[in-house]
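**Student:** Contents of input.pdb (PDB, C-alpha atoms):
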```
MODEL        1
ATOM      1  CA  MET A   1     -12.775  18.338  31.907
ATOM      2  CA  ARG A   2     -12.153  15.684  29.275
ATOM      3  CA  GLN A   3      -8.738  14.037  29.243
ATOM      4  CA  THR A   4      -6.905  14.728  25.996
ATOM      5  CA  ILE A   5      -3.986  13.063  24.215
ATOM      6  CA  ALA A   6      -2.133  14.937  21.469
ATOM      7  CA  GLY A   7      -4.893  17.529  21.323
ATOM      8  CA  ALA A   8      -7.796  15.072  20.963
ATOM      9  CA  PRO A   9     -10.080  13.637  23.669
ATOM     10  CA  LEU A  10      -9.052  10.195  24.932
ATOM     11  CA  LEU A  11     -12.491   8.863  24.017
ATOM     12  CA  TRP A  12     -11.863   9.766  20.378
ATOM     13  CA  TRP A  13      -8.636   7.763  20.302
ATOM     14  CA  ILE A  14     -10.330   4.771  21.931
ATOM     15  CA  GLY A  15     -13.348   4.958  19.648
ATOM     16  CA  PHE A  16     -11.201   5.228  16.523
ATOM     17  CA  HIS A  17      -9.108   2.176  17.415
ATOM     18  CA  VAL A  18     -12.214   0.156  18.308
ATOM     19  CA  ALA A  19     -13.583   0.984  14.849
ATOM     20  CA  VAL A  20     -10.256   0.070  13.218
ATOM     21  CA  LEU A  21     -10.166  -3.280  15.014
ATOM     22  CA  ALA A  22     -13.758  -3.998  13.984
ATOM     23  CA  LEU A  23     -12.985  -3.231  10.334
ATOM     24  CA  ILE A  24      -9.854  -5.424  10.335
ATOM     25  CA  VAL A  25     -11.749  -8.346  11.893
ATOM     26  CA  THR A  26     -14.629  -7.920   9.430
ATOM     27  CA  ASP A  27     -12.228  -7.825   6.493
ATOM     28  CA  ALA A  28     -10.485 -10.962   7.754
ATOM     29  CA  LEU A  29     -13.811 -12.799   8.047
ATOM     30  CA  LEU A  30     -15.108 -11.904   4.598
ATOM     31  CA  PRO A  31     -15.448 -14.890   2.224
ATOM     32  CA  HIS A  32     -12.740 -13.664  -0.158
ATOM     33  CA  SER A  33     -10.181 -13.798   2.674
ATOM     34  CA  ARG A  34     -10.615 -17.549   3.087
ATOM     35  CA  ARG A  35     -10.655 -18.539  -0.594
ATOM     36  CA  ASP A  36      -7.788 -19.652  -2.796
ATOM     37  CA  THR A  37      -9.394 -17.970  -5.802
ATOM     38  CA  PRO A  38      -9.827 -14.172  -6.042
ATOM     39  CA  ARG A  39     -13.210 -12.434  -5.734
ATOM     40  CA  PRO A  40     -12.636  -9.169  -7.655
ATOM     41  CA  LYS A  41     -16.205  -7.884  -7.277
ATOM     42  CA  LEU A  42     -16.129  -8.260  -3.490
ATOM     43  CA  ALA A  43     -12.693  -6.594  -3.351
ATOM     44  CA  TRP A  44     -13.981  -3.586  -5.305
ATOM     45  CA  MET A  45     -17.095  -3.377  -3.113
ATOM     46  CA  TRP A  46     -15.027  -3.470   0.092
ATOM     47  CA  SER A  47     -12.673  -0.804  -1.315
ATOM     48  CA  LEU A  48     -15.683   1.428  -1.998
ATOM     49  CA  PHE A  49     -17.067   0.737   1.466
ATOM     50  CA  MET A  50     -13.748   1.719   3.098
ATOM     51  CA  ALA A  51     -13.739   4.971   1.120
ATOM     52  CA  LEU A  52     -17.293   5.677   2.292
ATOM     53  CA  VAL A  53     -16.251   4.986   5.896
ATOM     54  CA  ALA A  54     -13.427   7.513   5.522
ATOM     55  CA  GLY A  55     -15.908   9.998   4.097
ATOM     56  CA  GLY A  56     -18.245   9.414   7.044
ATOM     57  CA  PHE A  57     -15.376  10.030   9.461
ATOM     58  CA  ALA A  58     -14.572  13.299   7.668
ATOM     59  CA  PHE A  59     -18.236  14.320   8.003
ATOM     60  CA  TRP A  60     -18.067  13.587  11.744
ATOM     61  CA  LEU A  61     -14.893  15.685  12.069
ATOM     62  CA  ASN A  62     -16.665  18.518  10.270
ATOM     63  CA  TYR A  63     -19.451  18.346  12.858
ATOM     64  CA  GLU A  64     -17.090  18.119  15.859
ATOM     65  CA  GLN A  65     -14.163  20.363  14.901
ATOM     66  CA  GLY A  66     -15.210  22.293  11.839
ATOM     67  CA  ARG A  67     -14.685  22.388   8.118
ATOM     68  CA  GLN A  68     -10.932  23.027   8.211
ATOM     69  CA  THR A  69     -10.174  19.879  10.230
ATOM     70  CA  ALA A  70     -12.387  17.794   7.952
ATOM     71  CA  LEU A  71     -10.632  19.157   4.847
ATOM     72  CA  GLU A  72      -7.227  18.386   6.382
ATOM     73  CA  PHE A  73      -8.339  14.802   6.995
ATOM     74  CA  ILE A  74      -9.605  14.418   3.422
ATOM     75  CA  SER A  75      -6.359  15.884   2.064
ATOM     76  CA  GLY A  76      -4.239  13.579   4.226
ATOM     77  CA  TYR A  77      -6.334  10.554   3.287
ATOM     78  CA  THR A  78      -6.118  11.370  -0.428
ATOM     79  CA  ILE A  79      -2.357  11.938  -0.306
ATOM     80  CA  GLU A  80      -1.699   8.738   1.642
ATOM     81  CA  THR A  81      -3.934   6.652  -0.631
ATOM     82  CA  SER A  82      -2.336   8.098  -3.768
ATOM     83  CA  LEU A  83       1.209   7.540  -2.550
ATOM     84  CA  SER A  84       0.294   4.016  -1.431
ATOM     85  CA  ILE A  85      -0.308   3.004  -5.047
ATOM     86  CA  ASP A  86       3.474   2.553  -5.262
ATOM     87  CA  ASN A  87       3.253   0.031  -2.418
ATOM     88  CA  LEU A  88       0.623  -2.010  -4.221
ATOM     89  CA  PHE A  89       2.819  -2.722  -7.225
ATOM     90  CA  VAL A  90       5.772  -3.652  -5.017
ATOM     91  CA  PHE A  91       3.461  -5.980  -3.044
ATOM     92  CA  LEU A  92       2.319  -7.541  -6.311
ATOM     93  CA  ILE A  93       5.918  -8.269  -7.298
ATOM     94  CA  LEU A  94       6.714  -9.673  -3.839
ATOM     95  CA  PHE A  95       3.730 -12.014  -3.750
ATOM     96  CA  ARG A  96       4.161 -13.221  -7.314
ATOM     97  CA  GLY A  97       7.889 -13.625  -6.753
ATOM     98  CA  PHE A  98       7.413 -15.725  -3.629
ATOM     99  CA  GLY A  99       4.651 -17.672  -5.360
ATOM    100  CA  ILE A 100       2.238 -17.595  -2.415
ATOM    101  CA  SER A 101      -1.460 -18.406  -2.793
ATOM    102  CA  HIS A 102      -4.348 -15.934  -2.778
ATOM    103  CA  ARG A 103      -5.286 -16.941   0.771
ATOM    104  CA  GLN A 104      -1.697 -16.518   1.971
ATOM    105  CA  GLN A 105      -1.591 -13.070   0.373
ATOM    106  CA  HIS A 106      -4.621 -12.072   2.447
ATOM    107  CA  ARG A 107      -2.941 -13.332   5.600
ATOM    108  CA  ALA A 108       0.336 -11.564   4.848
ATOM    109  CA  LEU A 109      -1.423  -8.252   4.164
ATOM    110  CA  LEU A 110      -3.573  -8.621   7.286
ATOM    111  CA  TRP A 111      -0.472  -8.876   9.462
ATOM    112  CA  GLY A 112       1.136  -6.164   7.367
ATOM    113  CA  VAL A 113      -1.724  -3.749   8.089
ATOM    114  CA  GLY A 114      -1.439  -4.414  11.818
ATOM    115  CA  GLY A 115       2.298  -3.784  11.802
ATOM    116  CA  ALA A 116       1.914  -0.691   9.639
ATOM    117  CA  ILE A 117      -0.533   0.837  12.134
ATOM    118  CA  VAL A 118       1.996   0.456  14.954
ATOM    119  CA  LEU A 119       4.898   1.796  12.879
ATOM    120  CA  ARG A 120       2.918   4.777  11.569
ATOM    121  CA  ALA A 121       1.884   5.668  15.121
ATOM    122  CA  ILE A 122       5.537   5.691  16.212
ATOM    123  CA  PHE A 123       6.692   7.783  13.264
ATOM    124  CA  ILE A 124       3.896  10.323  13.546
ATOM    125  CA  ALA A 125       4.501  10.647  17.289
ATOM    126  CA  LEU A 126       8.179  11.373  16.638
ATOM    127  CA  GLY A 127       7.460  13.567  13.646
ATOM    128  CA  VAL A 128       9.821  13.777  10.677
ATOM    129  CA  THR A 129      12.953  13.732  12.849
ATOM    130  CA  LEU A 130      13.280   9.951  12.856
ATOM    131  CA  LEU A 131      12.412   9.722   9.186
ATOM    132  CA  ASP A 132      15.092  12.248   8.291
ATOM    133  CA  ARG A 133      17.719  10.200  10.139
ATOM    134  CA  PHE A 134      16.970   7.166   7.995
ATOM    135  CA  ALA A 135      16.294   8.981   4.720
ATOM    136  CA  TRP A 136      19.466   7.471   3.233
ATOM    137  CA  VAL A 137      17.804   4.047   3.288
ATOM    138  CA  SER A 138      15.505   5.200   0.488
ATOM    139  CA  TYR A 139      18.521   5.284  -1.861
ATOM    140  CA  VAL A 140      19.385   1.679  -1.019
ATOM    141  CA  PHE A 141      15.762   0.627  -1.488
ATOM    142  CA  GLY A 142      15.569   2.560  -4.772
ATOM    143  CA  ALA A 143      18.640   0.712  -6.065
ATOM    144  CA  ILE A 144      17.104  -2.639  -5.064
ATOM    145  CA  LEU A 145      13.861  -1.779  -6.871
ATOM    146  CA  LEU A 146      15.780  -0.682  -9.970
ATOM    147  CA  TYR A 147      17.609  -4.009 -10.020
ATOM    148  CA  ALA A 148      14.302  -5.851  -9.546
ATOM    149  CA  ALA A 149      12.806  -3.881 -12.454
ATOM    150  CA  TRP A 150      15.699  -4.930 -14.687
ATOM    151  CA  ARG A 151      15.297  -8.598 -13.690
ATOM    152  CA  LEU A 152      11.542  -8.381 -14.302
ATOM    153  CA  VAL A 153      11.837  -6.937 -17.818
ATOM    154  CA  LYS A 154      14.673  -9.332 -18.651
ATOM    155  CA  GLY A 155      12.772 -12.369 -17.362
ATOM    156  CA  ASN A 156       9.401 -13.843 -18.199
ATOM    157  CA  SER A 157       7.441 -13.445 -14.946
ATOM    158  CA  ALA A 158       7.249 -11.611 -11.652
ATOM    159  CA  ALA A 159       9.111 -14.487 -10.014
ATOM    160  CA  ASP A 160      12.238 -13.362 -11.870
ATOM    161  CA  ALA A 161      12.218 -10.048  -9.967
ATOM    162  CA  VAL A 162      12.997 -11.762  -6.656
ATOM    163  CA  PRO A 163      16.507 -13.258  -6.359
ATOM    164  CA  GLY A 164      16.502 -17.050  -6.254
ATOM    165  CA  TRP A 165      18.313 -17.294  -2.909
ATOM    166  CA  ILE A 166      15.448 -15.397  -1.269
ATOM    167  CA  THR A 167      12.670 -17.554  -2.694
ATOM    168  CA  GLN A 168      14.614 -20.684  -1.782
ATOM    169  CA  MET A 169      14.455 -19.612   1.867
ATOM    170  CA  GLN A 170      10.650 -19.716   1.661
ATOM    171  CA  LYS A 171      10.193 -23.001  -0.198
ATOM    172  CA  GLY A 172       9.071 -25.961   1.835
ATOM    173  CA  LYS A 173       7.946 -23.791   4.746
ATOM    174  CA  LYS A 174       4.441 -22.863   5.790
ATOM    175  CA  SER A 175       5.621 -19.745   7.616
ATOM    176  CA  LEU A 176       4.867 -16.406   5.969
ATOM    177  CA  LEU A 177       7.297 -14.585   8.226
ATOM    178  CA  LEU A 178       9.714 -13.664   5.437
ATOM    179  CA  VAL A 179       6.906 -12.315   3.244
ATOM    180  CA  ILE A 180       5.344 -10.356   6.121
ATOM    181  CA  LEU A 181       8.707  -8.828   6.996
ATOM    182  CA  ALA A 182       9.122  -7.807   3.350
ATOM    183  CA  VAL A 183       5.678  -6.151   3.406
ATOM    184  CA  GLU A 184       6.529  -4.299   6.632
ATOM    185  CA  ALA A 185       9.888  -3.150   5.288
ATOM    186  CA  THR A 186       8.230  -1.887   2.105
ATOM    187  CA  ASP A 187       5.608   0.096   4.017
ATOM    188  CA  LEU A 188       8.270   1.454   6.349
ATOM    189  CA  LEU A 189      10.384   2.784   3.510
ATOM    190  CA  PHE A 190       7.468   4.324   1.644
ATOM    191  CA  ALA A 191       6.446   6.068   4.886
ATOM    192  CA  VAL A 192       9.546   8.221   4.410
ATOM    193  CA  ASP A 193       7.618  10.017   1.639
ATOM    194  CA  SER A 194       4.004   9.690   2.723
ATOM    195  CA  ILE A 195       4.117  10.839   6.362
ATOM    196  CA  PRO A 196       6.000  14.105   5.687
ATOM    197  CA  ALA A 197       3.567  14.747   2.808
ATOM    198  CA  VAL A 198       0.581  14.452   5.166
ATOM    199  CA  LEU A 199       2.334  16.519   7.836
ATOM    200  CA  ALA A 200       2.631  19.247   5.218
ATOM    201  CA  VAL A 201      -1.163  19.656   5.092
ATOM    202  CA  SER A 202      -1.909  19.215   8.798
ATOM    203  CA  ARG A 203      -0.043  19.443  12.088
ATOM    204  CA  ASP A 204      -2.915  17.954  14.072
ATOM    205  CA  PRO A 205      -1.617  14.536  15.325
ATOM    206  CA  PHE A 206      -5.125  13.086  15.436
ATOM    207  CA  VAL A 207      -5.867  14.110  11.836
ATOM    208  CA  VAL A 208      -2.482  12.948  10.520
ATOM    209  CA  TYR A 209      -2.732   9.593  12.286
ATOM    210  CA  THR A 210      -6.364   8.836  11.448
ATOM    211  CA  SER A 211      -5.956   9.807   7.773
ATOM    212  CA  ASN A 212      -2.899   7.522   7.501
ATOM    213  CA  ILE A 213      -4.632   4.570   9.122
ATOM    214  CA  ALA A 214      -7.843   5.072   7.133
ATOM    215  CA  ALA A 215      -5.824   4.897   3.916
ATOM    216  CA  ILE A 216      -3.886   1.811   5.080
ATOM    217  CA  LEU A 217      -7.122  -0.005   5.966
ATOM    218  CA  GLY A 218      -8.355   0.342   2.403
ATOM    219  CA  LEU A 219      -5.011  -0.675   0.917
ATOM    220  CA  ARG A 220      -5.548  -4.418   1.408
ATOM    221  CA  SER A 221      -8.792  -4.666  -0.558
ATOM    222  CA  LEU A 222      -7.549  -2.192  -3.166
ATOM    223  CA  TYR A 223      -4.554  -4.442  -3.797
ATOM    224  CA  PHE A 224      -6.768  -7.434  -4.622
ATOM    225  CA  ALA A 225      -9.112  -5.297  -6.716
ATOM    226  CA  LEU A 226      -6.254  -3.954  -8.854
ATOM    227  CA  SER A 227      -4.460  -7.314  -8.910
ATOM    228  CA  SER A 228      -7.485  -9.008 -10.448
ATOM    229  CA  LEU A 229      -7.687  -6.277 -13.094
ATOM    230  CA  LEU A 230      -3.988  -6.466 -13.953
ATOM    231  CA  ASP A 231      -4.144 -10.249 -14.361
ATOM    232  CA  ARG A 232      -5.851  -9.671 -17.709
ATOM    233  CA  PHE A 233      -2.746  -7.993 -19.114
ATOM    234  CA  ARG A 234      -0.670 -10.351 -21.239
ATOM    235  CA  TYR A 235       2.392  -8.127 -20.987
ATOM    236  CA  LEU A 236       1.964  -7.341 -17.326
ATOM    237  CA  HIS A 237       5.545  -8.203 -16.382
ATOM    238  CA  TYR A 238       6.848  -5.518 -18.748
ATOM    239  CA  GLY A 239       4.422  -2.973 -17.310
ATOM    240  CA  LEU A 240       5.354  -3.877 -13.753
ATOM    241  CA  GLY A 241       9.032  -3.646 -14.658
ATOM    242  CA  ALA A 242       8.483  -0.132 -15.993
ATOM    243  CA  LEU A 243       6.476   0.798 -12.899
ATOM    244  CA  LEU A 244       9.164  -0.498 -10.555
ATOM    245  CA  GLY A 245      11.781   1.385 -12.556
ATOM    246  CA  PHE A 246       9.781   4.603 -12.257
ATOM    247  CA  VAL A 247       9.284   4.166  -8.495
ATOM    248  CA  ALA A 248      12.989   3.406  -8.073
ATOM    249  CA  LEU A 249      14.102   6.468 -10.047
ATOM    250  CA  LYS A 250      11.643   8.628  -8.121
ATOM    251  CA  MET A 251      13.194   7.500  -4.850
ATOM    252  CA  LEU A 252      16.779   7.870  -6.097
ATOM    253  CA  ALA A 253      16.233  11.336  -7.573
ATOM    254  CA  GLY A 254      13.819  12.562  -4.913
ATOM    255  CA  HIS A 255      16.433  14.850  -3.355
ATOM    256  CA  TRP A 256      16.903  16.765  -6.615
ATOM    257  CA  ILE A 257      13.672  16.272  -8.564
ATOM    258  CA  GLU A 258      10.255  16.428  -6.938
ATOM    259  CA  ILE A 259       7.460  14.652  -8.793
ATOM    260  CA  SER A 260       4.002  15.671  -7.653
ATOM    261  CA  THR A 261       1.397  13.077  -6.717
ATOM    262  CA  VAL A 262      -0.724  14.037  -9.736
ATOM    263  CA  TRP A 263       2.168  13.547 -12.162
ATOM    264  CA  SER A 264       3.184  10.325 -10.444
ATOM    265  CA  LEU A 265      -0.295   8.839 -10.832
ATOM    266  CA  ALA A 266      -0.487  10.097 -14.426
ATOM    267  CA  ILE A 267       2.802   8.395 -15.334
ATOM    268  CA  MET A 268       1.790   5.123 -13.672
ATOM    269  CA  GLY A 269      -1.605   5.291 -15.392
ATOM    270  CA  THR A 270       0.108   5.831 -18.752
ATOM    271  CA  ILE A 271       2.419   2.848 -18.208
ATOM    272  CA  LEU A 272      -0.532   0.601 -17.360
ATOM    273  CA  GLY A 273      -2.529   2.045 -20.273
ATOM    274  CA  VAL A 274       0.216   1.210 -22.761
ATOM    275  CA  CYS A 275       0.516  -2.266 -21.210
ATOM    276  CA  ALA A 276      -3.255  -2.802 -21.531
ATOM    277  CA  ILE A 277      -3.401  -1.592 -25.149
ATOM    278  CA  ALA A 278      -0.445  -3.775 -26.124
ATOM    279  CA  SER A 279      -2.108  -6.759 -24.463
ATOM    280  CA  LEU A 280      -5.398  -6.152 -26.269
ATOM    281  CA  MET A 281      -3.691  -5.682 -29.634
ATOM    282  CA  ALA A 282      -1.598  -8.824 -29.306
ATOM    283  CA  LYS A 283      -3.022 -11.857 -31.048
ATOM    284  CA  SER A 284      -4.167 -14.570 -28.682
ATOM    285  CA  ASP A 285      -1.975 -17.632 -28.955
ATOM    286  CA  GLY A 286      -3.645 -19.702 -26.265
ATOM    287  CA  LYS A 287      -0.630 -19.527 -23.963
ATOM    288  CA  PRO A 288      -1.139 -18.741 -20.272
ATOM    289  CA  SER A 289      -0.099 -15.417 -18.804
ATOM    290  CA  HIS A 290       3.539 -15.099 -17.801
ATOM    291  CA  VAL A 291       2.736 -13.284 -14.572
TER     292      VAL A 291
ENDMDL
END
```
Before anything else, please render the file you have as structure tokens.
**Tutor:**
Amino acid sequence: MRQTIAGAPLLWWIGFHVAVLALIVTDALLPHSRRDTPRPKLAWMWSLFMALVAGGFAFWLNYEQGRQTALEFISGYTIETSLSIDNLFVFLILFRGFGISHRQQHRALLWGVGGAIVLRAIFIALGVTLLDRFAWVSYVFGAILLYAAWRLVKGNSAADAVPGWITQMQKGKKSLLLVILAVEATDLLFAVDSIPAVLAVSRDPFVVYTSNIAAILGLRSLYFALSSLLDRFRYLHYGLGALLGFVALKMLAGHWIEISTVWSLAIMGTILGVCAIASLMAKSDGKPSHV
């Protein structure tokens, strides 16, 4: 009889984590991870590859456990990826605010992915109980994001969104510890929404965990793919300010008003669309981007 953990064979858990480790190492060794200049095309290709890997895993689940389990994985993966879009814009503000290089951003996100895997495993193992106990933190985080949005719109660049006393702590140091901790804290707080959302479509620990991790693995390359696209927007800091404001209000009003994932993505897409149109319509004055 095969030994099982949380309803899944031990060999499945081992095999999944071996695959995860291999993907993280491969991502870290790709050329764009060691360059100081972005490689948007490679980032988009790796994002597509990670989505195909997730699709292949869903196909394998369909073969091993049936169509229902595979559909639950796809649903969980889609929900987690969609909700993680919020994270990406907060990461963008953090990295621009701290003024770290492209290579340092890769390193910070690499460590962030590793920490997120451990934290998600703990939360999923404990279920929503632990998340409910710390749900009040989302209000504090929402207020911080709202303040950052105001500073961003009021200022001229993403650096204005991060208080000066925080960035001063990082200047003159090679350590990325403060940035990595900020990434971990951001992922932790957004997990308050994402994990219960995935648990709503599946109660299978293996499906919930693997769909979460599969989405997180693709988050790093998706960040750089979107970041390179957003760099073309002249009025990006206004768009990011509006996005942060929306995310903050969604967190603050989440107890009374529930915004579906579809509506959330539609609103964020509209904000970026308006930002893009305004940037294209603006006359070029030869000045560099503010962000």
**Student:** Quick one: distance from CA of Arg67 in chain A to CA of Val201 in chain A in Å, one decimal?
**Tutor:**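 That distance, rounded to one decimal, is 14.1 Å.
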**Student:** Give as number ranges by chain the residues that the PyMOL selection byres ((chain A and resi 23) around 12) matches when applied to the coordinates above.
**Tutor:** A: 16-22, 24-30, 46-47, 49-50, 53-54, 110, 113-114, 213-214, 216-218, 220-221
**Student:** Give me the result of the PyMOL selection byres ((chain A and resi 202) around 10) on this file, residue by residue, as a list in words.
**Tutor:**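 Applied to this file, the PyMOL selection byres ((chain A and resi 202) around 10) returns Gln68, Thr69, Leu71, Glu72, Phe73, Ser75, Gly76, Pro196, Ala197, Val198, Leu199, Ala200, Val201, Arg203, Asp204, Pro205, Phe206, Val207 and Val208 of chain A.
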**Student:** So how many Å separate CA of Gln65 in chain A and CA of Tyr77 in chain A, to one decimal?
**Tutor:**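 Straight-line distance from CA of Gln65 in chain A to CA of Tyr77 in chain A works out to 17.1 Å.
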**Student:** Measuring atom to atom with only C-alpha atoms, identify which of A:Ala121, A:Val90, A:Leu229, A:Ala143 is nearest to Leu272 in chain A.
**Tutor:**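 Among the listed residues, A:Leu229 lies closest to Leu272 in chain A.
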**Student:** Would you work out the distance separating CA of Gly254 in chain A from CA of Ile79 in chain A, expressed in Å to one decimal?
**Tutor:** 16.8 Å
**Student:** Determine the nearest neighbour of Ile267 in chain A from the options A:Leu280, A:Leu243, A:His255, A:Leu145, counting all atoms listed in the file.
**Tutor:** A:Leu243
**Student:** Counting only C-alpha atoms, which residue out of A:Met45, A:Leu249, A:Leu244, A:Leu181 sits closest to Arg151 in chain A?
**Tutor:**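 That would be A:Leu244, the residue with the smallest distance to Arg151 in chain A.
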**Student:** Pull the neighbourhood of (1.9, -5.0, -6.3) for me: all residues within 10 Å in file coordinates, counting all atoms listed in the file, as a PyMOL selection string.
**Tutor:** chain A and resi 85-96+223-224+226-227+230+240+243-244
**Student:** Of the candidates A:Leu83, A:Ala125, A:Gly112, A:Asn62, which one gets nearest to Ile259 in chain A if we count all atoms listed in the file?
**Tutor:**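 For Ile259 in chain A, the nearest of the given residues is A:Leu83.
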**Student:** Box along x, y and z, 3 Å on every side, all listed atoms of range 203-212 of chain A inside: centre and edge lengths in Å to one decimal, as lines of an AutoDock Vina configuration file.
**Tutor:**
```
center_x = -3.2
center_y = 13.5
center_z = 11.5
size_x = 12.3
size_y = 17.9
size_z = 13.9
```
**Student:** Pick out the closest residue to Trp44 in chain A from this set: A:Leu10, A:Leu219, A:Ile5, A:Leu178. Count all atoms listed in the file.
**Tutor:** A:Leu219
**Student:** So, counting only C-alpha atoms, which residue among A:Ala149, A:Thr210, A:Ala266, A:Ala278 is closest to Ala58 in chain A?
**Tutor:**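 Among the listed residues, A:Thr210 lies closest to Ala58 in chain A.
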**Student:** Would you mind putting back N, CA, C and O atoms on range 62-74 of chain A, then writing it out as a PDB file, in the coordinates of the input?
**Tutor:**
```pdb
ATOM      1  N   ASN A  62     -16.087  17.226  10.640  1.00  0.00           N
ATOM      2  CA  ASN A  62     -16.665  18.518  10.270  1.00  0.00           C
ATOM      3  C   ASN A  62     -17.677  18.972  11.316  1.00  0.00           C
ATOM      4  O   ASN A  62     -17.744  20.168  11.671  1.00  0.00           O
ATOM      5  N   TYR A  63     -18.443  18.036  11.833  1.00  0.00           N
ATOM      6  CA  TYR A  63     -19.451  18.346  12.858  1.00  0.00           C
ATOM      7  C   TYR A  63     -18.793  18.688  14.195  1.00  0.00           C
ATOM      8  O   TYR A  63     -19.227  19.605  14.905  1.00  0.00           O
ATOM      9  N   GLU A  64     -17.730  17.952  14.550  1.00  0.00           N
ATOM     10  CA  GLU A  64     -17.090  18.119  15.859  1.00  0.00           C
ATOM     11  C   GLU A  64     -16.076  19.256  15.910  1.00  0.00           C
ATOM     12  O   GLU A  64     -16.000  19.983  16.902  1.00  0.00           O
ATOM     13  N   GLN A  65     -15.256  19.398  14.853  1.00  0.00           N
ATOM     14  CA  GLN A  65     -14.163  20.363  14.901  1.00  0.00           C
ATOM     15  C   GLN A  65     -14.159  21.380  13.768  1.00  0.00           C
ATOM     16  O   GLN A  65     -13.272  22.230  13.712  1.00  0.00           O
ATOM     17  N   GLY A  66     -15.104  21.285  12.879  1.00  0.00           N
ATOM     18  CA  GLY A  66     -15.210  22.293  11.839  1.00  0.00           C
ATOM     19  C   GLY A  66     -14.699  21.854  10.478  1.00  0.00           C
ATOM     20  O   GLY A  66     -14.062  20.808  10.318  1.00  0.00           O
ATOM     21  N   ARG A  67     -14.971  22.691   9.513  1.00  0.00           N
ATOM     22  CA  ARG A  67     -14.685  22.388   8.118  1.00  0.00           C
ATOM     23  C   ARG A  67     -13.196  22.237   7.851  1.00  0.00           C
ATOM     24  O   ARG A  67     -12.777  21.338   7.098  1.00  0.00           O
ATOM     25  N   GLN A  68     -12.361  23.072   8.465  1.00  0.00           N
ATOM     26  CA  GLN A  68     -10.932  23.027   8.211  1.00  0.00           C
ATOM     27  C   GLN A  68     -10.323  21.680   8.603  1.00  0.00           C
ATOM     28  O   GLN A  68      -9.532  21.101   7.856  1.00  0.00           O
ATOM     29  N   THR A  69     -10.695  21.168   9.773  1.00  0.00           N
ATOM     30  CA  THR A  69     -10.174  19.879  10.230  1.00  0.00           C
ATOM     31  C   THR A  69     -10.608  18.753   9.301  1.00  0.00           C
ATOM     32  O   THR A  69      -9.819  17.861   8.975  1.00  0.00           O
ATOM     33  N   ALA A  70     -11.877  18.821   8.866  1.00  0.00           N
ATOM     34  CA  ALA A  70     -12.387  17.794   7.952  1.00  0.00           C
ATOM     35  C   ALA A  70     -11.639  17.829   6.620  1.00  0.00           C
ATOM     36  O   ALA A  70     -11.288  16.776   6.056  1.00  0.00           O
ATOM     37  N   LEU A  71     -11.366  19.034   6.108  1.00  0.00           N
ATOM     38  CA  LEU A  71     -10.632  19.157   4.847  1.00  0.00           C
ATOM     39  C   LEU A  71      -9.199  18.653   4.988  1.00  0.00           C
ATOM     40  O   LEU A  71      -8.654  18.048   4.052  1.00  0.00           O
ATOM     41  N   GLU A  72      -8.576  18.888   6.144  1.00  0.00           N
ATOM     42  CA  GLU A  72      -7.227  18.386   6.382  1.00  0.00           C
ATOM     43  C   GLU A  72      -7.214  16.859   6.398  1.00  0.00           C
ATOM     44  O   GLU A  72      -6.288  16.229   5.855  1.00  0.00           O
ATOM     45  N   PHE A  73      -8.246  16.266   6.991  1.00  0.00           N
ATOM     46  CA  PHE A  73      -8.339  14.802   6.995  1.00  0.00           C
ATOM     47  C   PHE A  73      -8.489  14.260   5.578  1.00  0.00           C
ATOM     48  O   PHE A  73      -7.805  13.301   5.187  1.00  0.00           O
ATOM     49  N   ILE A  74      -9.380  14.867   4.798  1.00  0.00           N
ATOM     50  CA  ILE A  74      -9.605  14.418   3.422  1.00  0.00           C
ATOM     51  C   ILE A  74      -8.327  14.556   2.596  1.00  0.00           C
ATOM     52  O   ILE A  74      -7.972  13.661   1.814  1.00  0.00           O
TER      53      ILE A  74
END
```
